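Here is the structure we will look at.
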Amino acid sequence: MQKLSVKNVLRVVAVLIFIAGAFIGYDAGDQMFTVDGTVTYRFIIIDAVIAWFFAFAAGMLFLGVAKIIDLLEKR
């Protein structure tokens with residue numbers, strides 16, 4: 001059986017962070033307000049962008065570490 005390398009695991013984690021961040025950002029931006037019994041839905045873009053930014057930064061961090069490991073293994 002083939003052993004999983006750390007760089008491949010880090011790449012998979014990065015992709016999962018990107019996907020989860022997209023959903024979390026959409027959920028953070030989707031707001032429900034109730035005024036006098038009337039339910040109103042609005043999308044607050046700044047809340048979504050903040051979540052998307054942090055998910056992108058975390059995913060890129062994992063991809064960067066995987067690339068560093070890849071470059072060090074080539075030496």
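Labeling convention for the structure tokens: chains A, B, ... as they appear, residues from 1 per chain, ligands from 1 in order of appearance.
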Using DSSP on the backbone coordinates, identify all residues within region 14-66 of chain A classified as helix (DSSP H, G or I); present the result as JSON, numbers by chain. {"A": [14, 15, 16, 17, 18, 19, 20, 21, 22, 23, 24, 25, 26, 27, 28, 29, 45, 46, 47, 48, 49, 50, 51, 52, 53, 54, 55, 56, 57, 58, 59, 60, 61, 62, 63, 64, 65, 66]}
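Closest approach to Phe54 (chain A) from the set A:Ala20, A:Arg11, A:Arg42, A:Ile68 is made by A:Ala20, with distances taken over only C-alpha atoms.
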Close residues, Asp27 (chain A) itself excluded, 12 Å, only C-alpha atoms, min 2 positions apart in chain, as JSON, numbers by chain: {"A": [20, 21, 22, 23, 24, 25, 29, 30, 31, 32, 41, 42, 43, 44, 45, 47, 48, 49, 50, 51, 52]}
Create the file for the chosen residues now, containing N, CA, C and O atoms and written as an mmCIF file, in the first residue's frame.
data_model
loop_
_atom_site.group_PDB
_atom_site.id
_atom_site.type_symbol
_atom_site.label_atom_id
_atom_site.label_comp_id
_atom_site.auth_asym_id
_atom_site.auth_seq_id
_atom_site.Cartn_x
_atom_site.Cartn_y
_atom_site.Cartn_z
ATOM 1 N N ALA A 20 -15.054 24.746 1.994
ATOM 2 C CA ALA A 20 -15.795 25.073 3.214
ATOM 3 C C ALA A 20 -15.894 26.586 3.402
ATOM 4 O O ALA A 20 -16.932 27.097 3.833
ATOM 5 N N GLY A 21 -14.844 27.323 3.055
ATOM 6 C CA GLY A 21 -14.861 28.777 3.173
ATOM 7 C C GLY A 21 -15.885 29.419 2.255
ATOM 8 O O GLY A 21 -16.506 30.419 2.622
ATOM 9 N N ALA A 22 -16.061 28.859 1.064
ATOM 10 C CA ALA A 22 -17.066 29.389 0.148
ATOM 11 C C ALA A 22 -18.461 29.239 0.746
ATOM 12 O O ALA A 22 -19.269 30.182 0.711
ATOM 13 N N PHE A 23 -18.757 28.082 1.301
ATOM 14 C CA PHE A 23 -20.069 27.863 1.911
ATOM 15 C C PHE A 23 -20.256 28.698 3.177
ATOM 16 O O PHE A 23 -21.324 29.263 3.399
ATOM 17 N N ILE A 24 -19.226 28.775 3.993
ATOM 18 C CA ILE A 24 -19.320 29.550 5.236
ATOM 19 C C ILE A 24 -19.485 31.038 4.920
ATOM 20 O O ILE A 24 -20.264 31.737 5.573
ATOM 21 N N GLY A 25 -18.779 31.534 3.909
ATOM 22 C CA GLY A 25 -18.927 32.927 3.513
ATOM 23 C C GLY A 25 -20.324 33.235 3.017
ATOM 24 O O GLY A 25 -20.899 34.272 3.342
ATOM 25 N N GLY A 29 -22.978 35.766 4.917
ATOM 26 C CA GLY A 29 -23.542 36.919 4.242
ATOM 27 C C GLY A 29 -25.048 36.909 4.146
ATOM 28 O O GLY A 29 -25.691 37.947 4.026
ATOM 29 N N ASP A 30 -25.646 35.741 4.199
ATOM 30 C CA ASP A 30 -27.099 35.620 4.082
ATOM 31 C C ASP A 30 -27.731 35.917 5.437
ATOM 32 O O ASP A 30 -27.608 35.129 6.373
ATOM 33 N N GLN A 31 -28.421 37.042 5.535
ATOM 34 C CA GLN A 31 -29.010 37.486 6.805
ATOM 35 C C GLN A 31 -30.530 37.488 6.692
ATOM 36 O O GLN A 31 -31.085 37.838 5.652
ATOM 37 N N MET A 32 -31.182 37.130 7.798
ATOM 38 C CA MET A 32 -32.635 37.152 7.854
ATOM 39 C C MET A 32 -33.060 38.178 8.896
ATOM 40 O O MET A 32 -32.575 38.152 10.026
ATOM 41 N N TYR A 41 -34.981 38.699 3.709
ATOM 42 C CA TYR A 41 -33.641 38.149 3.540
ATOM 43 C C TYR A 41 -32.786 39.156 2.776
ATOM 44 O O TYR A 41 -33.218 39.719 1.772
ATOM 45 N N ARG A 42 -31.577 39.383 3.267
ATOM 46 C CA ARG A 42 -30.621 40.267 2.592
ATOM 47 C C ARG A 42 -29.261 39.595 2.604
ATOM 48 O O ARG A 42 -28.943 38.835 3.502
ATOM 49 N N PHE A 43 -28.476 39.912 1.591
ATOM 50 C CA PHE A 43 -27.119 39.383 1.522
ATOM 51 C C PHE A 43 -26.164 40.528 1.852
ATOM 52 O O PHE A 43 -26.079 41.513 1.121
ATOM 53 N N ILE A 44 -25.452 40.393 2.968
ATOM 54 C CA ILE A 44 -24.497 41.398 3.413
ATOM 55 C C ILE A 44 -23.127 40.990 2.862
ATOM 56 O O ILE A 44 -22.494 40.060 3.357
ATOM 57 N N ILE A 45 -22.687 41.705 1.847
ATOM 58 C CA ILE A 45 -21.485 41.304 1.120
ATOM 59 C C ILE A 45 -20.225 41.413 1.976
ATOM 60 O O ILE A 45 -19.321 40.583 1.850
ATOM 61 N N ASP A 47 -19.783 40.851 5.159
ATOM 62 C CA ASP A 47 -19.649 39.670 6.027
ATOM 63 C C ASP A 47 -19.131 38.464 5.240
ATOM 64 O O ASP A 47 -18.292 37.702 5.717
ATOM 65 N N ALA A 48 -19.646 38.304 4.024
ATOM 66 C CA ALA A 48 -19.200 37.188 3.189
ATOM 67 C C ALA A 48 -17.749 37.367 2.751
ATOM 68 O O ALA A 48 -16.968 36.412 2.771
ATOM 69 N N VAL A 49 -17.375 38.590 2.393
ATOM 70 C CA VAL A 49 -16.009 38.844 1.921
ATOM 71 C C VAL A 49 -14.992 38.590 3.033
ATOM 72 O O VAL A 49 -13.906 38.056 2.783
ATOM 73 N N ILE A 50 -15.344 38.945 4.254
ATOM 74 C CA ILE A 50 -14.432 38.693 5.379
ATOM 75 C C ILE A 50 -14.197 37.199 5.549
ATOM 76 O O ILE A 50 -13.058 36.743 5.692
ATOM 77 N N ALA A 51 -15.261 36.413 5.514
ATOM 78 C CA ALA A 51 -15.115 34.956 5.643
ATOM 79 C C ALA A 51 -14.348 34.381 4.463
ATOM 80 O O ALA A 51 -13.488 33.498 4.635
ATOM 81 N N TRP A 52 -14.642 34.863 3.252
ATOM 82 C CA TRP A 52 -13.941 34.377 2.066
ATOM 83 C C TRP A 52 -12.462 34.722 2.114
ATOM 84 O O TRP A 52 -11.619 33.936 1.695
#
Leaving out Ala58 (chain A) and any residue of its chain fewer than 2 positions from it, which residues lie within 12 Å of it when counting only C-alpha atoms, given as a list in words? Leu10, Arg11, Val13, Ala14, Val15, Leu16, Ile17, Phe18, Ile19, Ala20, Gly21, Ala51, Trp52, Phe53, Phe54, Ala55, Phe56, Met60, Leu61, Phe62, Leu63, Gly64 and Val65 of chain A
Applying 12 Å and only C-alpha atoms, which residues near Glu73 (chain A) remain after dropping the ones on its own chain fewer than 5 positions away? List them as number ranges by chain. A: 5-7, 66-68
Writer output for current selection, all heavy atoms, as a CSV table (one decimal), in the first residue's frame:
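So the final result, stored in out_3.csv, reads:
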chain,number,residue,atom,x,y,z
A,5,SER,N,1.9,11.1,1.3
A,5,SER,CA,2.9,12.1,1.6
A,5,SER,C,2.2,13.3,2.3
A,5,SER,O,1.0,13.6,2.1
A,5,SER,CB,3.6,12.6,0.4
A,5,SER,OG,2.8,13.2,-0.5
A,6,VAL,N,3.0,14.1,3.0
A,6,VAL,CA,2.5,15.2,3.8
A,6,VAL,C,2.0,16.3,2.8
A,6,VAL,O,1.0,16.9,3.0
A,6,VAL,CB,3.6,15.8,4.7
A,6,VAL,CG1,3.1,17.0,5.4
A,6,VAL,CG2,4.0,14.7,5.8
A,7,LYS,N,2.8,16.5,1.7
A,7,LYS,CA,2.4,17.6,0.8
A,7,LYS,C,1.0,17.3,0.1
A,7,LYS,O,0.3,18.2,-0.1
A,7,LYS,CB,3.5,17.8,-0.3
A,7,LYS,CG,3.7,16.6,-1.2
A,7,LYS,CD,4.8,16.9,-2.2
A,7,LYS,CE,5.1,15.6,-3.0
A,7,LYS,NZ,6.2,15.8,-3.9
A,66,ALA,N,2.8,23.2,1.3
A,66,ALA,CA,2.9,22.0,0.5
A,66,ALA,C,4.0,22.2,-0.6
A,66,ALA,O,4.8,21.3,-1.0
A,66,ALA,CB,1.6,21.6,-0.1
A,67,LYS,N,4.0,23.4,-1.2
A,67,LYS,CA,4.9,23.7,-2.3
A,67,LYS,C,6.4,23.8,-1.7
A,67,LYS,O,7.3,23.3,-2.4
A,67,LYS,CB,4.6,25.1,-2.9
A,67,LYS,CG,5.4,25.4,-4.1
A,67,LYS,CD,5.3,24.5,-5.2
A,67,LYS,CE,6.1,24.9,-6.4
A,67,LYS,NZ,6.0,23.9,-7.5
A,68,ILE,N,6.5,24.3,-0.5
A,68,ILE,CA,7.8,24.4,0.1
A,68,ILE,C,8.4,23.0,0.3
A,68,ILE,O,9.5,22.7,0.1
A,68,ILE,CB,7.8,25.2,1.4
A,68,ILE,CG1,7.6,26.7,1.1
A,68,ILE,CG2,9.1,25.0,2.2
A,68,ILE,CD1,7.3,27.5,2.3
From a backbone DSSP assignment, name each residue in chain A labelled strand (DSSP E or B), as a list in words. Asp30, Gln31, Met32, Phe33, Thr34, Val35, Thr38, Val39, Thr40, Tyr41, Arg42 and Phe43 of chain A
Could you please take those selected residues and save all heavy atoms as a short mmCIF file (atom, residue, chain, number, x, y, z; two decimals), in the first residue's frame?
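Dumped everything to selection_27.cif:
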data_model
loop_
_atom_site.label_atom_id
_atom_site.label_comp_id
_atom_site.auth_asym_id
_atom_site.auth_seq_id
_atom_site.Cartn_x
_atom_site.Cartn_y
_atom_site.Cartn_z
N ASP A 30 -25.65 35.74 4.20
CA ASP A 30 -27.10 35.62 4.08
C ASP A 30 -27.73 35.92 5.44
O ASP A 30 -27.61 35.13 6.37
CB ASP A 30 -27.46 34.21 3.61
CG ASP A 30 -28.90 34.10 3.16
OD1 ASP A 30 -29.45 35.12 2.72
OD2 ASP A 30 -29.45 32.99 3.24
N GLN A 31 -28.42 37.04 5.53
CA GLN A 31 -29.01 37.49 6.81
C GLN A 31 -30.53 37.49 6.69
O GLN A 31 -31.08 37.84 5.65
CB GLN A 31 -28.53 38.89 7.16
CG GLN A 31 -27.03 39.02 7.28
CD GLN A 31 -26.50 38.37 8.53
OE1 GLN A 31 -27.14 38.40 9.56
NE2 GLN A 31 -25.31 37.81 8.44
N MET A 32 -31.18 37.13 7.80
CA MET A 32 -32.63 37.15 7.85
C MET A 32 -33.06 38.18 8.90
O MET A 32 -32.57 38.15 10.03
CB MET A 32 -33.18 35.77 8.24
CG MET A 32 -34.69 35.73 8.34
SD MET A 32 -35.34 34.11 8.77
CE MET A 32 -34.84 33.97 10.47
N PHE A 33 -33.96 39.09 8.50
CA PHE A 33 -34.47 40.11 9.40
C PHE A 33 -35.97 39.95 9.52
O PHE A 33 -36.65 39.66 8.54
CB PHE A 33 -34.16 41.52 8.86
CG PHE A 33 -32.70 41.81 8.73
CD1 PHE A 33 -32.06 41.71 7.51
CD2 PHE A 33 -31.97 42.18 9.83
CE1 PHE A 33 -30.72 41.97 7.38
CE2 PHE A 33 -30.61 42.45 9.73
CZ PHE A 33 -29.99 42.34 8.51
N THR A 34 -36.48 40.18 10.72
CA THR A 34 -37.91 40.15 10.94
C THR A 34 -38.36 41.52 11.45
O THR A 34 -37.90 41.99 12.48
CB THR A 34 -38.29 39.07 11.98
OG1 THR A 34 -37.78 37.82 11.55
CG2 THR A 34 -39.78 38.97 12.16
N VAL A 35 -39.23 42.15 10.67
CA VAL A 35 -39.76 43.46 11.04
C VAL A 35 -41.28 43.38 11.02
O VAL A 35 -41.88 43.14 9.96
CB VAL A 35 -39.27 44.56 10.06
CG1 VAL A 35 -39.86 45.91 10.44
CG2 VAL A 35 -37.76 44.62 10.05
N THR A 38 -42.80 40.43 9.32
CA THR A 38 -42.41 40.21 7.93
C THR A 38 -40.95 39.79 7.89
O THR A 38 -40.09 40.48 8.41
CB THR A 38 -42.59 41.50 7.10
OG1 THR A 38 -43.93 41.94 7.21
CG2 THR A 38 -42.26 41.25 5.64
N VAL A 39 -40.71 38.66 7.28
CA VAL A 39 -39.35 38.13 7.19
C VAL A 39 -38.71 38.64 5.90
O VAL A 39 -39.28 38.50 4.81
CB VAL A 39 -39.36 36.59 7.22
CG1 VAL A 39 -37.96 36.04 7.07
CG2 VAL A 39 -40.00 36.09 8.50
N THR A 40 -37.54 39.22 6.03
CA THR A 40 -36.81 39.75 4.89
C THR A 40 -35.41 39.15 4.87
O THR A 40 -34.76 39.08 5.90
CB THR A 40 -36.69 41.29 4.99
OG1 THR A 40 -37.98 41.84 5.13
CG2 THR A 40 -36.01 41.86 3.77
N TYR A 41 -34.98 38.70 3.71
CA TYR A 41 -33.64 38.15 3.54
C TYR A 41 -32.79 39.16 2.78
O TYR A 41 -33.22 39.72 1.77
CB TYR A 41 -33.68 36.84 2.76
CG TYR A 41 -34.37 35.72 3.51
CD1 TYR A 41 -35.70 35.43 3.31
CD2 TYR A 41 -33.65 34.96 4.44
CE1 TYR A 41 -36.33 34.41 4.00
CE2 TYR A 41 -34.27 33.93 5.14
CZ TYR A 41 -35.60 33.67 4.90
OH TYR A 41 -36.21 32.66 5.60
N ARG A 42 -31.58 39.38 3.27
CA ARG A 42 -30.62 40.27 2.59
C ARG A 42 -29.26 39.60 2.60
O ARG A 42 -28.94 38.83 3.50
CB ARG A 42 -30.53 41.62 3.30
CG ARG A 42 -31.77 42.42 3.13
CD ARG A 42 -31.75 43.79 3.75
NE ARG A 42 -30.46 44.31 4.14
CZ ARG A 42 -30.32 45.32 4.95
NH1 ARG A 42 -31.35 45.92 5.47
NH2 ARG A 42 -29.11 45.75 5.27
N PHE A 43 -28.48 39.91 1.59
CA PHE A 43 -27.12 39.38 1.52
C PHE A 43 -26.16 40.53 1.85
O PHE A 43 -26.08 41.51 1.12
CB PHE A 43 -26.82 38.82 0.13
CG PHE A 43 -25.52 38.07 0.06
CD1 PHE A 43 -25.42 36.79 0.57
CD2 PHE A 43 -24.40 38.65 -0.49
CE1 PHE A 43 -24.24 36.09 0.52
CE2 PHE A 43 -23.20 37.97 -0.55
CZ PHE A 43 -23.12 36.68 -0.04
#
